[in-house]
Amino acid sequence: RDQVASYRTVVSYESELLRDFSLCILQRNNIFGCSAEVPKIPYVKPLGSFRGKEMTKDIAKGIMIGHLEGCGDAALEGCKDLDVSWKVTCGANVAYDQFPSQNQLFYPSAKGDSLWYDPVFRVETIDGRNVWCKRHYRVRHEKVPGTFRFSVLDNGVTSDEFWTIVDCAEDLSWIVFHYAGAAGAVGQRYIGGLLCTPDGTLPPESELPKIWDVLRSAEIEPWELFVVDNDESSPGALEAGPPPLDFYRKTASIIG
């Protein structure tokens, strides 16, 4: 299946009616009898220490928050107080990493120790419109610091994902994630990796050999990566207008 074309089609007809229909026939009643579990292979080792300290859940949370403004003591030294945590520079999953203008927002929940994750990215619909898509994930710490469980309801279908911080520059200039996920109601499993930076541009040439080795440790070769178009002055970005970065955050940090 062409997953990019499938997702563009879903976005083209996105509505509350489609969400409720999918939730009923796929997620709740599973009329096609599909199943899928999060892949456990390859096992990707999470970053074990950061800035000379053993990795903890608090440090891992701060790394995820990255450069997002307004996160208080949860943010780490070096946070640039931007309107995003990270921007995706390139990735290794054909279904997701070909979409342009990929913004990541990680921020603390108002209750408990969990996080919210809001990806905001641009999609060209099948009728040629450029629109912003936004999703709202619950993020919970897994047992090993630096690993997380993500869950989201996307157009009526639940996705469950396992994310790993593979490595991160000590000055927060880049980060490498690995993820493995499944949407059981539609029988889909997937794995991938992301290289992210504060502004979505590639790190300096001097850093790339180390980053390529980090990706290889997650069984991802550099030639597998798709470079994300983060050009804010491109015709598609200008047509879409400003990204709705705070759509969920303005209420989620208050209610849970």
# chains A, B, ... in the order shown; residues from 1 in each chain; ligands from 1
call {"tool": "closest_atom_pairs", "arguments": {"of": "range 169-249 of chain A", "to": "range 61-79 of chain A", "cutoff": "12 Å", "atoms": "only C-alpha atoms", "output": "tab-separated table"}}
result
residue	atom	partner	partner_atom	distance
A:Ala169	CA	A:Ile63	CA	9.7
A:Glu170	CA	A:Gly78	CA	8.8
A:Asp171	CA	A:Gly78	CA	6.2
A:Leu172	CA	A:Gly78	CA	6.7
A:Ser173	CA	A:Gly78	CA	9.1
A:Trp174	CA	A:Gly66	CA	9.4
A:Ile175	CA	A:Ile63	CA	8.5
A:Val176	CA	A:Met64	CA	10.6
A:Phe177	CA	A:Met64	CA	9.8
A:Cys196	CA	A:Gly66	CA	10.2
A:Thr197	CA	A:Gly66	CA	9.3
A:Pro198	CA	A:His67	CA	6.8
A:Asp199	CA	A:His67	CA	10.0
A:Leu245	CA	A:Leu68	CA	11.0
A:Asp246	CA	A:Leu68	CA	11.3
A:Arg249	CA	A:Gly70	CA	10.9
call {"tool": "write_last_selection", "arguments": {"atoms": "C-alpha atoms", "output": "PDB file, in the first residue's frame"}}
result
ATOM      1  CA  ALA A 169      23.999  16.578  21.554  1.00  0.00           C
ATOM      2  CA  GLU A 170      24.865  17.995  24.957  1.00  0.00           C
ATOM      3  CA  ASP A 171      24.107  21.512  23.690  1.00  0.00           C
ATOM      4  CA  LEU A 172      20.703  20.323  22.396  1.00  0.00           C
ATOM      5  CA  SER A 173      21.718  21.122  18.815  1.00  0.00           C
ATOM      6  CA  TRP A 174      20.399  17.764  17.538  1.00  0.00           C
ATOM      7  CA  ILE A 175      18.613  14.632  18.688  1.00  0.00           C
ATOM      8  CA  VAL A 176      18.014  11.172  17.223  1.00  0.00           C
ATOM      9  CA  PHE A 177      14.786   9.297  17.999  1.00  0.00           C
ATOM     10  CA  CYS A 196      15.740  16.629  14.649  1.00  0.00           C
ATOM     11  CA  THR A 197      17.257  20.057  15.259  1.00  0.00           C
ATOM     12  CA  PRO A 198      15.901  23.325  16.702  1.00  0.00           C
ATOM     13  CA  ASP A 199      15.291  24.846  13.251  1.00  0.00           C
ATOM     14  CA  LEU A 245       1.282  25.190  17.101  1.00  0.00           C
ATOM     15  CA  ASP A 246      -0.657  26.012  20.279  1.00  0.00           C
ATOM     16  CA  ARG A 249      -1.308  23.175  24.265  1.00  0.00           C
TER      17      ARG A 249
END
call {"tool": "residues_around", "arguments": {"residues": "Arg140 in chain A", "least_positions_apart": "4", "cutoff": "7 Å", "atoms": "only C-alpha atoms", "output": "list in words"}}
result
Ser114, Leu115, Phe148, Arg149 and Phe150 of chain A
call {"tool": "residues_around", "arguments": {"residues": "Gly200 in chain A", "least_positions_apart": "3", "cutoff": "8 Å", "atoms": "only C-alpha atoms", "output": "VMD selection string"}}
result
chain A and resid 86 to 89 196 to 197 228 230
call {"tool": "select_by_dssp", "arguments": {"residues": "range 11-67 of chain A", "states": "helix (DSSP H, G or I)", "output": "list in words"}}
result
Val11, Ser12, Glu16, Leu17, Leu18, Arg19, Asp20, Phe21, Ser22, Leu23, Cys24, Ile25, Leu26, Gln27, Arg28, Lys57, Asp58, Ile59, Ala60, Lys61, Gly62, Ile63, Met64 and Ile65 of chain A
call {"tool": "closest_atom_pairs", "arguments": {"of": "range 155-211 of chain A", "to": "range 16-34 of chain A", "cutoff": "9 Å", "atoms": "only C-alpha atoms", "output": "tab-separated table"}}
result
residue	atom	partner	partner_atom	distance
A:Asn155	CA	A:Arg19	CA	4.4
A:Gly156	CA	A:Leu23	CA	4.0
A:Val157	CA	A:Gln27	CA	5.6
A:Thr158	CA	A:Gln27	CA	7.0
A:Gly184	CA	A:Cys34	CA	6.4
A:Ala185	CA	A:Gln27	CA	5.3
A:Val186	CA	A:Cys34	CA	5.6
A:Gly187	CA	A:Cys34	CA	4.8
A:Gln188	CA	A:Cys34	CA	8.6
call {"tool": "residues_around", "arguments": {"residues": "Cys90 in chain A", "least_positions_apart": "5", "cutoff": "8 Å", "atoms": "only C-alpha atoms", "output": "NGL selection string"}}
result
:A and (97 or 194-196 or 225-228)
call {"tool": "select_by_dssp", "arguments": {"residues": "range 19-134 of chain A", "states": "strand (DSSP E or B)", "output": "PyMOL selection string"}}
result
chain A and resi 49-50+53-54+68+82+86-91+103-108+115-124+130-134
call {"tool": "write_last_selection", "arguments": {"atoms": "C-alpha atoms", "output": "mmCIF file, in the first residue's frame"}}
result
data_model
loop_
_atom_site.group_PDB
_atom_site.id
_atom_site.type_symbol
_atom_site.label_atom_id
_atom_site.label_comp_id
_atom_site.auth_asym_id
_atom_site.auth_seq_id
_atom_site.Cartn_x
_atom_site.Cartn_y
_atom_site.Cartn_z
ATOM 1 C CA SER A 49 23.917 9.337 30.193
ATOM 2 C CA PHE A 50 23.718 13.021 29.394
ATOM 3 C CA LYS A 53 25.062 12.239 34.519
ATOM 4 C CA GLU A 54 23.274 8.911 34.388
ATOM 5 C CA LEU A 68 10.007 24.778 23.807
ATOM 6 C CA LEU A 82 11.264 28.619 20.855
ATOM 7 C CA TRP A 86 12.262 20.268 17.735
ATOM 8 C CA LYS A 87 11.829 20.293 13.970
ATOM 9 C CA VAL A 88 12.279 17.091 11.996
ATOM 10 C CA THR A 89 15.286 17.393 9.685
ATOM 11 C CA CYS A 90 15.079 13.945 8.142
ATOM 12 C CA GLY A 91 13.555 10.579 8.890
ATOM 13 C CA ASN A 103 7.078 20.667 14.019
ATOM 14 C CA GLN A 104 7.308 18.784 17.304
ATOM 15 C CA LEU A 105 5.994 20.094 20.622
ATOM 16 C CA PHE A 106 6.657 18.147 23.836
ATOM 17 C CA TYR A 107 5.391 19.663 27.075
ATOM 18 C CA PRO A 108 4.504 18.498 30.604
ATOM 19 C CA LEU A 115 3.971 14.566 28.655
ATOM 20 C CA TRP A 116 1.910 15.690 25.733
ATOM 21 C CA TYR A 117 3.272 15.476 22.197
ATOM 22 C CA ASP A 118 1.764 17.594 19.431
ATOM 23 C CA PRO A 119 3.180 17.038 15.939
ATOM 24 C CA VAL A 120 2.103 19.787 13.534
ATOM 25 C CA PHE A 121 2.931 19.132 9.895
ATOM 26 C CA ARG A 122 1.832 20.121 6.405
ATOM 27 C CA VAL A 123 0.013 17.899 3.916
ATOM 28 C CA GLU A 124 -0.915 18.509 0.299
ATOM 29 C CA ASN A 130 -1.870 22.748 1.464
ATOM 30 C CA VAL A 131 -3.241 22.274 4.975
ATOM 31 C CA TRP A 132 -1.845 21.869 8.472
ATOM 32 C CA CYS A 133 -2.377 18.601 10.306
ATOM 33 C CA LYS A 134 -2.100 18.355 14.060
#
call {"tool": "atom_distance", "arguments": {"atom1": "CA of Lys111 in chain A", "atom2": "CA of Ala180 in chain A"}}
result
26.2 Å
call {"tool": "atom_distance", "arguments": {"atom1": "CA of Arg8 in chain A", "atom2": "CA of Asp127 in chain A"}}
result
9.7 Å
